[in-house]
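Have a look at the structure below before the remarks.
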2 protein chains.
Amino acid sequence: MSHLRVAIGQLPVAVGDVQGNAERIGETMDWAEAHEVDVLVLPELVLTGYPVADLVLHREFVAEAEEAAGALAARAGATTTVLSTITRVPPRRSWDSVERHVAISAVVLNRGERRGVYDKVLLPTYGAFDEGRTMAPGGEPGAIWRIGDVVAGIAICEDLWSGDGPPEAQARGGAQILLAPNASPYHRSKRDGREQLASQVAWRNGIPLVYANFVGGQDDIVFDGSSLVVGADGELLYRAPAFTEHRAFVDVPLPPHRPVTGPLRTVHTVPIPDRPRTPLPPSAEPLDELVEVWQALQVGTRDFARRNGYEQAVLGLSGGIDAALTAMLAADVFGPTQVLGVAMPGPETPAQELADARAVAASLGIGFAVVPLEPLMASTEDALAAAMGEVERAAPDVLESGPRAARVRAGILAAVSDAHGHLMLATANKTELSIGAATLRSDAVGGFAPLRDCPKTLLYRLGEHPAVGHGRIPDRVLSKRTTAQQRLGVELPPYAELDTIVQRYVQYGDGVEDLVARGLDPDVVLDVLHRIDAAEPARRQSPPGVTISPRAFGTDRRMPITNDWRAKRRRDSARLGAEHPPLPLGPETAEEPDR
Amino acid sequence: MSHLRVAIGQLPVAVGDVQGNAERIGETMDWAEAHEVDVLVLPELVLTGYPVADLVLHREFVAEAEEAAGALAARAGATTTVLSTITRVPPRRSWDSVERHVAISAVVLNRGERRGVYDKVLLPTYGAFDEGRTMAPGGEPGAIWRIGDVVAGIAICEDLWSGDGPPEAQARGGAQILLAPNASPYHRSKRDGREQLASQVAWRNGIPLVYANFVGGQDDIVFDGSSLVVGADGELLYRAPAFTEHRAFVDVPLPPHRPVTGPLRTVHTVPIPDRPRTPLPPSAEPLDELVEVWQALQVGTRDFARRNGYEQAVLGLSGGIDAALTAMLAADVFGPTQVLGVAMPGPETPAQELADARAVAASLGIGFAVVPLEPLMASTEDALAAAMGEVERAAPDVLESGPRAARVRAGILAAVSDAHGHLMLATANKTELSIGAATLRSDAVGGFAPLRDCPKTLLYRLGEHPAVGHGRIPDRVLSKRTTAQQRLGVELPPYAELDTIVQRYVQYGDGVEDLVARGLDPDVVLDVLHRIDAAEPARRQSPPGVTISPRAFGTDRRMPITNDWRAKRRRDSARLGAEHPPLPLGPETAEEPDR
């Protein structure tokens, strides 16, 4: 025997649905069995979904997972299944004084039995990951597994990434192949990094690597699949397609036996049959970067909607790019007939904007309604004014309130959503969510904000891309480049500059001095950073969306709401000789401009 | 020398305000110097505030803290100051593959210099704590410090709690006293547990313990102070008052010298002067439990408002207990003249409810306004209907939408808040936030929800307490015990039973079977648990509030938004023979009852 038939089940993530997941896993096990697969590798926590967060603090949840794993063990045949799930372990402490009772494990199933268990050693606790919060770390990084006449190692996701972790211990101890369940979320350029890593792990240790990943959306994160098989020389043998459920088997060439010095557990001793090696299945081509982003947005939005029971969507349709892209996404996800775009022109909205909104709806084939804002605003004013005698005395000037139009618009969409169970989509983009502008415009109100991690400049690129927005978004919408200043009515740099500041500050932790050293104007930098900090309270209450960057607000970047660091900006201002001190601390009161 | 003069600076928490904190610390150092204090102990991360969350990923923040610590070192005199702050450390890995560059440290200052640094070893990563996310763990738990002729240990907060951690290593190594900076958030019954712990640490190791804690609110958490000095026999020598800034010094009797075997660093070698021992300062009496809760709510709300720039508050004032208590809290925090209660009676609101709301306002002396909902609702309906032709075609029945009244109410409060920069207080309580009812009633809309961690039954107890609500909340408001079912218009058990289910499920992780075994009706249990799970998406967007329990939503209990575990409830239902299956998955569409 010189190769092992290994299958990958690139299954959809479904946090909490243990029974549903178990059924899907069982079918995949049967399929593997039918194809004489030697070892089936499934994603990390495939039985519970990932991430489970504080669900593991519910004993009945852990019990349900253990019971389901037992049932799957009973179903196992000659194919060895590496089934990742949570398991109860003896209490363990590590980085603090609290005992953890549950581990992220890979349970090894064969011929009706659970033949052993590997507990994940390295528990990521950064960015979107919180495993250290609830999970007990595994204590046997070097464990290796006899599967017939092959010796295999098992490493779970983060275990692969340290350079001197479980894979290294297992290869030194005699492993000839590495089986790796993963839950690796998508972000832009992640696939390249992941393939490099997989290649390095295989090459460094001289053994092939089988890398199974989830597909699908879970709250703010989305898994792209793109599972891998890499040969012992680090060459890619197989790449599964992105963003789609998939299964495939690969006959993986094995390196020769090595002296076994690690702790060896026996899964079974039936020799691997010496079948002829089947040709490699065709690998999926990597997607174009922007097509990949679009698929991430689709899958993340689709799964949030579907799994929370929504079949229709409603959104505010202005004539701008944010709304147009949100509408196009909704049309792709829900089907055009299930989407309602509502234009809500105010008294000062140019007629052309309404025409553009109508053109977007027509081009996409979605439902379209116009609710002129003026009568509604006027009647609201009238009613408030009639009732205002008492409020007036207690709080004069209430009628001059600013963002009323934004709230009335959000109210109309909410009414539609309430009536029909539409998912209300917020059209906010990352740039405007960064600086608090989305809140002022009510763009951040809704049940889901698909574009919340997309900078404004990316939206234009998506709109123009031949395989994304080109031909679907009317040219007029793409070609009008409203500046941030025009759109938001406050003094702001062009979007390209704004996006640079936001990205350098949020993603790379650059400071005022770093940004000024890049040639940016100190006044502008200070103002934008102040706005980013000051928008935290509103941002905290904004809806979830799809993460496409390595540092999305809320998911990857968790900031204090109350942050007196804002006071520092005034001192920076003095030090850098900026002309205008940043805005005073306090609630935003700027007027909402009309769309 | 047989005693050491130790001071505690129980300072307010202020995350991010490094310069402001440094000024306050400097003054406290001067005060200690003037009182010939040998060692001054300050809370954990007193220089940066706690928790810093992902602020530490900003290099300029770390640099600012290091610079400020340097300036404070220069200011240090003969008093040794144990100053806790973040410090940059050589990259360290521990539980995953990512290097951490920053530690939670105690910098030891004396006579113009930084004489050494201790890095916190145990990093809590559970409940409200996320230290493992960004912080590097210290690697020298046994480090001890020569301060004149005394040998001291330093342990930071979680370091105390393991039973075999830094205090034990330091005492074995020769420490005669333990100096402990802390950031220990309040929750009910926490103080007793903390005093027991402090007593055990001192008694077990045979050395006195000086325990300095923060005071004040930071987002969802509130620190109660209640700093401590415990003698070597475990007896309480001193307890600082709760919920107020405070400083005090205590001449602490020391145990005899022990053989020094641990790694010893020298802070200074000037012998501690042999002054006569001053009497112990008077300890603060522990507060009554409910008074303590009320102070926590006041301080948490006050600091959120003050530090986010709010000087006034507005809230919806019904005739119910939630609104009455929120109004009383606001009156205490902002002053009655700075609070506006707005009654918004709908067509079916009983006249007595409006009278009760008016009585609450009068009793508290807050501003009061009545905005009858009917004309506003009608004009909204009219305007929508006039404009509805197109929406109608695309989405019939929109006019029969349910929670419109709730949204109109929220809109009125938001308009007032916008106009004057009032903080809009949400009146939601924990019980109703648990089951999603607060959302339906719009009680969960606002900038801050002070009562969000208070169960309904606790609100009645607070209202009746002689030192809290009695005499301030009108008797009629306290005596009408509307049931959850009456109030929310859906079939629900009495509040007491509801609170039991919520607490057992959320705080203790009890499952369906556990609750049924307590004699609760399976139908009721399944329905309530289903509601708790299904309310997660709405709860995620609700405003922050004051944590008073060991497991507050969002802060201590972090759940997936999309959680297909809800599907399990239907199987539970079948298994337990419940009569009604739980609600179907999907958006809530229940009607909002009038208040």
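FYI, nothing fancy with the structure tokens labels: chains A, B, ... in order, residues from 1 per chain, ligands from 1 as they appear.
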When you look at B:Glu168 with a cut-off of 10 Å (counting only C-alpha atoms), what residues show up, excluding the ones that are within fewer than 5 positions of it in the same chain? I need them as a list in words.
Pro141, Gly142, Gly153, Asp159, Leu160, Ser162, Gly163, Gly173, Ala175, Val201, Ala202, Arg204, Asn205 and Gly206 of chain B
Kindly determine which residues of chain B lie within 6 Å of chain A, considering only C-alpha atoms, and give the answer as a PDB file with C-alpha atoms, in the first residue's frame.
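Contents of result-v7.pdb, freshly written:
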```
ATOM      1  CA  VAL B  15     -10.846  53.544  30.263  1.00  0.00           C
ATOM      2  CA  GLY B  16      -8.653  55.340  27.763  1.00  0.00           C
ATOM      3  CA  ASP B  17      -8.079  58.551  29.698  1.00  0.00           C
ATOM      4  CA  ALA B  53     -10.290  45.464  25.255  1.00  0.00           C
ATOM      5  CA  ASP B  54      -8.748  45.895  21.802  1.00  0.00           C
ATOM      6  CA  LEU B  57      -3.918  46.704  19.601  1.00  0.00           C
ATOM      7  CA  HIS B  58      -3.336  50.423  19.030  1.00  0.00           C
ATOM      8  CA  GLU B  60      -0.081  54.689  20.188  1.00  0.00           C
ATOM      9  CA  TRP B  95      -2.668  29.082  24.225  1.00  0.00           C
ATOM     10  CA  ASP B  96      -2.647  29.665  20.488  1.00  0.00           C
ATOM     11  CA  SER B  97      -0.303  30.566  17.648  1.00  0.00           C
ATOM     12  CA  LEU B 122      -3.298  34.286  35.312  1.00  0.00           C
ATOM     13  CA  LEU B 123      -5.377  36.032  32.659  1.00  0.00           C
ATOM     14  CA  PRO B 124      -9.120  35.586  33.148  1.00  0.00           C
ATOM     15  CA  THR B 125     -10.893  34.668  29.929  1.00  0.00           C
ATOM     16  CA  TYR B 126     -14.455  33.879  30.944  1.00  0.00           C
ATOM     17  CA  ARG B 133      -7.535  37.719  23.852  1.00  0.00           C
ATOM     18  CA  TRP B 161      -7.975  33.091  42.849  1.00  0.00           C
ATOM     19  CA  SER B 162      -6.369  29.786  41.904  1.00  0.00           C
ATOM     20  CA  ASP B 219     -20.041  50.106  29.810  1.00  0.00           C
ATOM     21  CA  ASN B 308     -20.450  59.881  27.006  1.00  0.00           C
ATOM     22  CA  GLY B 309     -21.375  63.519  27.407  1.00  0.00           C
ATOM     23  CA  ALA B 369     -45.196  65.579  29.211  1.00  0.00           C
ATOM     24  CA  VAL B 371     -48.194  62.956  24.039  1.00  0.00           C
ATOM     25  CA  LEU B 376     -49.942  60.616  15.768  1.00  0.00           C
ATOM     26  CA  SER B 379     -51.726  60.663  10.901  1.00  0.00           C
ATOM     27  CA  ALA B 383     -49.832  59.290   5.405  1.00  0.00           C
ATOM     28  CA  ALA B 387     -48.646  56.731  -0.149  1.00  0.00           C
ATOM     29  CA  GLU B 390     -47.444  51.152  -4.564  1.00  0.00           C
ATOM     30  CA  VAL B 391     -46.357  49.437  -1.376  1.00  0.00           C
ATOM     31  CA  VAL B 398     -48.914  46.447   5.508  1.00  0.00           C
ATOM     32  CA  SER B 401     -48.696  45.756  11.028  1.00  0.00           C
ATOM     33  CA  VAL B 416     -36.702  64.596  22.127  1.00  0.00           C
ATOM     34  CA  ASP B 418     -32.116  64.286  19.199  1.00  0.00           C
ATOM     35  CA  ALA B 419     -33.294  67.796  19.924  1.00  0.00           C
ATOM     36  CA  GLY B 509     -27.171  26.198  32.330  1.00  0.00           C
ATOM     37  CA  GLY B 511     -31.882  22.155  30.670  1.00  0.00           C
ATOM     38  CA  GLN B 541     -28.971  45.068  19.175  1.00  0.00           C
ATOM     39  CA  ARG B 558     -22.299  35.385  24.665  1.00  0.00           C
ATOM     40  CA  MET B 559     -24.498  33.375  22.409  1.00  0.00           C
ATOM     41  CA  THR B 562     -28.105  32.266  14.524  1.00  0.00           C
ATOM     42  CA  ASN B 563     -28.713  29.198  16.616  1.00  0.00           C
ATOM     43  CA  ASP B 564     -30.409  26.215  15.111  1.00  0.00           C
ATOM     44  CA  TRP B 565     -30.606  24.670  18.556  1.00  0.00           C
ATOM     45  CA  LEU B 585     -38.837  29.566  13.922  1.00  0.00           C
ATOM     46  CA  GLY B 586     -39.038  33.004  12.381  1.00  0.00           C
TER      47      GLY B 586
END
```
Just list as a list in words whatever in stretch 152-277 of chain A DSSP marks as alpha helix (DSSP H).
Pro166, Pro167, Glu168, Ala169, Gln170, Ala171, Arg172, Gly173, Lys190, Arg191, Asp192, Gly193, Arg194, Glu195, Gln196, Leu197, Ala198, Ser199, Gln200, Val201, Ala202, Trp203, Arg204 and Asn205 of chain A
Could you go through stretch 457-586 of chain B and tell me which residues DSSP, when run on the backbone, assigns to strand (DSSP E or B), listing them as a VMD selection string?
chain B and resid 470 473 553 557
Keeping C-alpha atoms, export the residues of the selection given above as a PDB file, in the first residue's frame.
```pdb
ATOM      1  CA  HIS B 470     -40.701  53.250  49.362  1.00  0.00           C
ATOM      2  CA  ILE B 473     -42.757  55.407  44.048  1.00  0.00           C
ATOM      3  CA  PHE B 553     -26.795  38.891  28.638  1.00  0.00           C
ATOM      4  CA  ARG B 557     -23.304  35.165  28.294  1.00  0.00           C
TER       5      ARG B 557
END
```
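If you look at atom CA of B:Ala323 and atom CA of B:Ala357, they are 8.6 Å away from each other.
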One decimal place gives the atom CA of B:Ile86-atom CA of B:Gly148 separation as 26.2 Å
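For the pair atom CA of A:Ala496 and atom CA of A:Leu462, the separation is 15.0 Å.
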With 12 Å as the cut-off and only C-alpha atoms counted, what is the closest atom pair between each nearby residue of stretch 140-202 of chain B and stretch 244-253 of chain B? Distances in Å to one decimal, ordered by chain and number, as a Markdown table.
```
| residue | atom | partner | partner_atom | distance |
| --- | --- | --- | --- | --- |
| B:Val150 | CA | B:Pro253 | CA | 11.5 |
| B:Gln176 | CA | B:Pro253 | CA | 9.8 |
| B:Ile177 | CA | B:Val252 | CA | 9.0 |
| B:Leu178 | CA | B:Val252 | CA | 11.1 |
| B:Leu179 | CA | B:Val252 | CA | 11.6 |
```
Preceding selection exported with N, CA, C and O atoms as a PDB file, in the first residue's frame:
```pdb
ATOM      1  N   VAL B 150      11.522  44.876  54.382  1.00  0.00           N
ATOM      2  CA  VAL B 150      10.340  44.019  54.260  1.00  0.00           C
ATOM      3  C   VAL B 150      10.392  43.299  52.917  1.00  0.00           C
ATOM      4  O   VAL B 150      10.861  43.859  51.924  1.00  0.00           O
ATOM      5  N   GLN B 176       6.329  38.580  53.055  1.00  0.00           N
ATOM      6  CA  GLN B 176       5.675  38.802  54.348  1.00  0.00           C
ATOM      7  C   GLN B 176       4.335  39.513  54.195  1.00  0.00           C
ATOM      8  O   GLN B 176       3.592  39.679  55.156  1.00  0.00           O
ATOM      9  N   ILE B 177       4.085  40.004  53.012  1.00  0.00           N
ATOM     10  CA  ILE B 177       2.829  40.726  52.766  1.00  0.00           C
ATOM     11  C   ILE B 177       2.537  40.656  51.273  1.00  0.00           C
ATOM     12  O   ILE B 177       3.470  40.586  50.456  1.00  0.00           O
ATOM     13  N   LEU B 178       1.257  40.653  50.933  1.00  0.00           N
ATOM     14  CA  LEU B 178       0.858  40.537  49.537  1.00  0.00           C
ATOM     15  C   LEU B 178       0.150  41.817  49.100  1.00  0.00           C
ATOM     16  O   LEU B 178      -0.828  42.231  49.715  1.00  0.00           O
ATOM     17  N   LEU B 179       0.656  42.420  48.037  1.00  0.00           N
ATOM     18  CA  LEU B 179       0.103  43.666  47.511  1.00  0.00           C
ATOM     19  C   LEU B 179      -0.661  43.336  46.237  1.00  0.00           C
ATOM     20  O   LEU B 179      -0.087  42.770  45.300  1.00  0.00           O
TER      21      LEU B 179
END
```
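Comparing the minimum interatomic distances between A:Ala242 and each of A:Thr269, A:Thr85, A:Asn213, A:Gln503, counting only C-alpha atoms, we find that A:Asn213 sits nearest.
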Determine, counting only C-alpha atoms, which protein, DNA and RNA residues have an atom within 8 Å of an atom of B:Thr457; residues of the same chain fewer than 3 positions away are not included. Present the result as number ranges by chain.
B: 460-461, 495-496, 499
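Comparing B:Ile321, B:Val6, B:Leu498, B:Val516 by their smallest distance to B:Leu209, the closest is B:Val6 (using only C-alpha atoms).
Every protein or nucleic acid residue with an atom no more than 8 Å from A:His187, counting only C-alpha atoms and leaving out same-chain residues fewer than 6 positions away, appears here: Thr547, Ile548, Ser549 and Pro550 of chain A.
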Atoms kept (all heavy atoms) for selection, written as a tab-separated table (two decimals), in the first residue's frame:
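The resulting file, out_15.tsv, is shown below:
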```tsv
chain	number	residue	atom	x	y	z
A	547	THR	N	-18.47	39.44	7.38
A	547	THR	CA	-17.07	39.83	7.52
A	547	THR	C	-16.29	39.42	6.29
A	547	THR	O	-16.30	38.26	5.89
A	547	THR	CB	-16.46	39.16	8.76
A	547	THR	OG1	-17.12	39.67	9.92
A	547	THR	CG2	-14.97	39.46	8.86
A	548	ILE	N	-15.60	40.39	5.68
A	548	ILE	CA	-14.75	40.05	4.54
A	548	ILE	C	-13.32	40.54	4.74
A	548	ILE	O	-12.47	40.36	3.87
A	548	ILE	CB	-15.30	40.67	3.23
A	548	ILE	CG1	-15.30	42.21	3.32
A	548	ILE	CG2	-16.68	40.15	2.90
A	548	ILE	CD1	-15.27	42.87	1.96
A	549	SER	N	-13.05	41.18	5.87
A	549	SER	CA	-11.70	41.69	6.14
A	549	SER	C	-11.14	41.01	7.38
A	549	SER	O	-11.88	40.38	8.13
A	549	SER	CB	-11.75	43.20	6.38
A	549	SER	OG	-12.17	43.47	7.71
A	550	PRO	N	-9.84	41.13	7.60
A	550	PRO	CA	-9.28	40.52	8.82
A	550	PRO	C	-9.65	41.28	10.09
A	550	PRO	O	-9.33	40.82	11.17
A	550	PRO	CB	-7.77	40.58	8.60
A	550	PRO	CG	-7.57	41.02	7.20
A	550	PRO	CD	-8.82	41.71	6.75
```
Pick out the residues sitting within 12 Å of A:Trp31, and hand them over as a compact mmCIF listing (two decimals) with N, CA, C and O atoms, in the first residue's frame; count only C-alpha atoms, and ignore anything fewer than 6 positions along from it in its own chain.
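File result_28.txt, as written:
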```
# COMPACT_ATOMS: atom_id res chain seq x y z
N ALA A 7 -11.18 11.07 2.12
CA ALA A 7 -12.29 11.91 1.63
C ALA A 7 -12.44 13.14 2.51
O ALA A 7 -12.15 13.10 3.72
N ILE A 8 -12.88 14.21 1.87
CA ILE A 8 -13.21 15.43 2.59
C ILE A 8 -14.70 15.67 2.46
O ILE A 8 -15.25 15.61 1.37
N GLY A 9 -15.35 15.90 3.58
CA GLY A 9 -16.76 16.32 3.56
C GLY A 9 -16.82 17.80 3.89
O GLY A 9 -16.72 18.17 5.05
N ARG A 24 -26.68 14.76 8.20
CA ARG A 24 -25.83 15.07 7.05
C ARG A 24 -24.48 14.33 7.14
O ARG A 24 -23.95 13.83 6.14
N ILE A 25 -23.94 14.28 8.35
CA ILE A 25 -22.67 13.56 8.55
C ILE A 25 -22.87 12.07 8.25
O ILE A 25 -22.03 11.44 7.58
N VAL A 37 -13.61 4.54 0.90
CA VAL A 37 -12.70 5.53 1.46
C VAL A 37 -12.07 4.98 2.74
O VAL A 37 -12.75 4.35 3.55
N ASP A 38 -10.77 5.18 2.88
CA ASP A 38 -10.11 4.70 4.10
C ASP A 38 -10.36 5.64 5.27
O ASP A 38 -10.64 5.20 6.38
N VAL A 39 -10.24 6.94 5.02
CA VAL A 39 -10.43 7.91 6.10
C VAL A 39 -11.25 9.09 5.59
O VAL A 39 -10.93 9.69 4.56
N LEU A 40 -12.30 9.43 6.34
CA LEU A 40 -13.13 10.60 6.03
C LEU A 40 -12.82 11.71 7.02
O LEU A 40 -12.87 11.50 8.23
N ALA A 76 -20.68 3.78 12.03
CA ALA A 76 -19.41 3.72 11.29
C ALA A 76 -19.11 2.32 10.79
O ALA A 76 -19.35 1.34 11.49
N GLY A 77 -18.60 2.25 9.55
CA GLY A 77 -18.20 0.98 8.97
C GLY A 77 -16.69 0.88 8.85
O GLY A 77 -15.97 1.30 9.76
N THR A 79 -14.78 2.47 6.82
CA THR A 79 -14.17 3.80 6.69
C THR A 79 -13.96 4.39 8.07
O THR A 79 -14.87 4.37 8.90
N THR A 81 -13.78 7.50 10.34
CA THR A 81 -14.26 8.88 10.27
C THR A 81 -13.62 9.71 11.38
O THR A 81 -13.66 9.31 12.55
N ARG A 247 -18.18 17.16 -1.57
CA ARG A 247 -17.39 16.06 -1.03
C ARG A 247 -16.57 15.45 -2.16
O ARG A 247 -16.99 15.48 -3.33
N ALA A 248 -15.42 14.93 -1.80
CA ALA A 248 -14.53 14.37 -2.81
C ALA A 248 -13.57 13.43 -2.11
O ALA A 248 -13.31 13.59 -0.91
N PHE A 249 -13.08 12.43 -2.84
CA PHE A 249 -12.01 11.62 -2.25
C PHE A 249 -10.78 11.68 -3.13
O PHE A 249 -10.85 11.88 -4.34
```
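Near A:Asn182, within a cut-off of 10 Å and counting only C-alpha atoms, sit the residues Gln10, Val41, Leu42, Pro43, Glu44, Leu45, Val46, Tyr50, Ser84, Ala155, Ile156, Cys157, Glu158, Asp159, Leu160, Tyr211, Ala212, Asn213, Phe214, Gly225 and Ser227 of chain A, with same-chain residues fewer than 6 positions away left out.
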Could the residues in this selection be saved with C-alpha atoms as a tab-separated table (two decimals), in the first residue's frame?
```tsv
chain	number	residue	atom	x	y	z
A	10	GLN	CA	-17.00	20.08	3.06
A	41	VAL	CA	-12.17	14.03	7.37
A	42	LEU	CA	-14.88	16.54	8.29
A	43	PRO	CA	-14.65	20.19	9.45
A	44	GLU	CA	-13.95	21.29	13.02
A	45	LEU	CA	-16.99	20.90	15.29
A	46	VAL	CA	-18.98	19.59	12.35
A	50	TYR	CA	-18.78	26.56	14.81
A	84	SER	CA	-14.94	16.73	15.30
A	155	ALA	CA	-4.49	18.32	14.24
A	156	ILE	CA	-7.42	20.71	14.53
A	157	CYS	CA	-7.25	24.10	12.81
A	158	GLU	CA	-5.13	26.38	15.06
A	159	ASP	CA	-2.97	23.34	15.90
A	160	LEU	CA	-1.53	23.71	12.39
A	211	TYR	CA	-7.57	19.98	5.29
A	212	ALA	CA	-11.38	19.97	5.59
A	213	ASN	CA	-13.21	23.27	6.04
A	214	PHE	CA	-16.81	24.42	6.55
A	225	GLY	CA	-14.81	25.86	2.15
A	227	SER	CA	-10.76	22.48	1.48
```
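The protein and nucleic acid residues lying at most 12 Å from A:Gly471 are A:Met328, A:Ala359, A:Val360, A:Ser363, A:Leu364, A:Leu462, A:Gly463, A:Glu464, A:His465, A:Pro466, A:Ala467, A:Val468, A:Pro474, A:Asp475, A:Arg476, A:Val477, A:Leu478, with only C-alpha atoms considered and sequence neighbours fewer than 3 positions away removed.
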Using the selection just defined, write its residues with N, CA and C atoms as a PDB file, in the first residue's frame.
```
ATOM      1  N   MET A 328     -29.091  44.372  -5.195  1.00  0.00           N
ATOM      2  CA  MET A 328     -28.631  43.319  -6.107  1.00  0.00           C
ATOM      3  C   MET A 328     -28.306  42.043  -5.311  1.00  0.00           C
ATOM      4  N   ALA A 359     -34.690  52.856 -11.761  1.00  0.00           N
ATOM      5  CA  ALA A 359     -33.900  52.135 -12.764  1.00  0.00           C
ATOM      6  C   ALA A 359     -33.204  50.924 -12.137  1.00  0.00           C
ATOM      7  N   VAL A 360     -32.720  51.087 -10.918  1.00  0.00           N
ATOM      8  CA  VAL A 360     -32.077  49.955 -10.228  1.00  0.00           C
ATOM      9  C   VAL A 360     -33.082  48.831 -10.043  1.00  0.00           C
ATOM     10  N   SER A 363     -33.904  47.211 -13.359  1.00  0.00           N
ATOM     11  CA  SER A 363     -32.795  46.410 -13.859  1.00  0.00           C
ATOM     12  C   SER A 363     -32.685  45.079 -13.107  1.00  0.00           C
ATOM     13  N   LEU A 364     -32.959  45.105 -11.825  1.00  0.00           N
ATOM     14  CA  LEU A 364     -32.836  43.881 -11.023  1.00  0.00           C
ATOM     15  C   LEU A 364     -34.122  43.062 -11.025  1.00  0.00           C
ATOM     16  N   LEU A 462     -16.942  46.584  -6.948  1.00  0.00           N
ATOM     17  CA  LEU A 462     -17.894  45.485  -7.140  1.00  0.00           C
ATOM     18  C   LEU A 462     -18.945  45.871  -8.187  1.00  0.00           C
ATOM     19  N   GLY A 463     -19.394  47.102  -8.121  1.00  0.00           N
ATOM     20  CA  GLY A 463     -20.425  47.552  -9.054  1.00  0.00           C
ATOM     21  C   GLY A 463     -19.949  47.529 -10.488  1.00  0.00           C
ATOM     22  N   GLU A 464     -18.656  47.810 -10.678  1.00  0.00           N
ATOM     23  CA  GLU A 464     -18.109  47.896 -12.042  1.00  0.00           C
ATOM     24  C   GLU A 464     -17.617  46.551 -12.576  1.00  0.00           C
ATOM     25  N   HIS A 465     -17.474  45.587 -11.693  1.00  0.00           N
ATOM     26  CA  HIS A 465     -16.856  44.319 -12.104  1.00  0.00           C
ATOM     27  C   HIS A 465     -17.747  43.591 -13.108  1.00  0.00           C
ATOM     28  N   PRO A 466     -17.156  43.115 -14.213  1.00  0.00           N
ATOM     29  CA  PRO A 466     -17.972  42.480 -15.263  1.00  0.00           C
ATOM     30  C   PRO A 466     -18.778  41.295 -14.748  1.00  0.00           C
ATOM     31  N   ALA A 467     -18.260  40.563 -13.762  1.00  0.00           N
ATOM     32  CA  ALA A 467     -18.988  39.380 -13.305  1.00  0.00           C
ATOM     33  C   ALA A 467     -19.830  39.677 -12.056  1.00  0.00           C
ATOM     34  N   VAL A 468     -19.859  40.948 -11.631  1.00  0.00           N
ATOM     35  CA  VAL A 468     -20.665  41.273 -10.447  1.00  0.00           C
ATOM     36  C   VAL A 468     -21.738  42.295 -10.827  1.00  0.00           C
ATOM     37  N   PRO A 474     -27.351  50.164 -13.041  1.00  0.00           N
ATOM     38  CA  PRO A 474     -27.336  51.171 -14.120  1.00  0.00           C
ATOM     39  C   PRO A 474     -26.059  52.016 -14.087  1.00  0.00           C
ATOM     40  N   ASP A 475     -25.557  52.327 -15.279  1.00  0.00           N
ATOM     41  CA  ASP A 475     -24.313  53.088 -15.384  1.00  0.00           C
ATOM     42  C   ASP A 475     -24.365  54.409 -14.618  1.00  0.00           C
ATOM     43  N   ARG A 476     -25.536  55.056 -14.684  1.00  0.00           N
ATOM     44  CA  ARG A 476     -25.650  56.334 -14.001  1.00  0.00           C
ATOM     45  C   ARG A 476     -25.336  56.230 -12.506  1.00  0.00           C
ATOM     46  N   VAL A 477     -25.783  55.124 -11.928  1.00  0.00           N
ATOM     47  CA  VAL A 477     -25.555  54.932 -10.486  1.00  0.00           C
ATOM     48  C   VAL A 477     -24.071  54.731 -10.214  1.00  0.00           C
ATOM     49  N   LEU A 478     -23.427  54.000 -11.121  1.00  0.00           N
ATOM     50  CA  LEU A 478     -21.994  53.742 -10.936  1.00  0.00           C
ATOM     51  C   LEU A 478     -21.152  54.986 -11.205  1.00  0.00           C
TER      52      LEU A 478
END
```
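Using only C-alpha atoms, the shortest contact distance between A:Ala327 and any of A:Gly112, A:Gly365, A:Gly577, A:Pro271 is found at A:Gly365.
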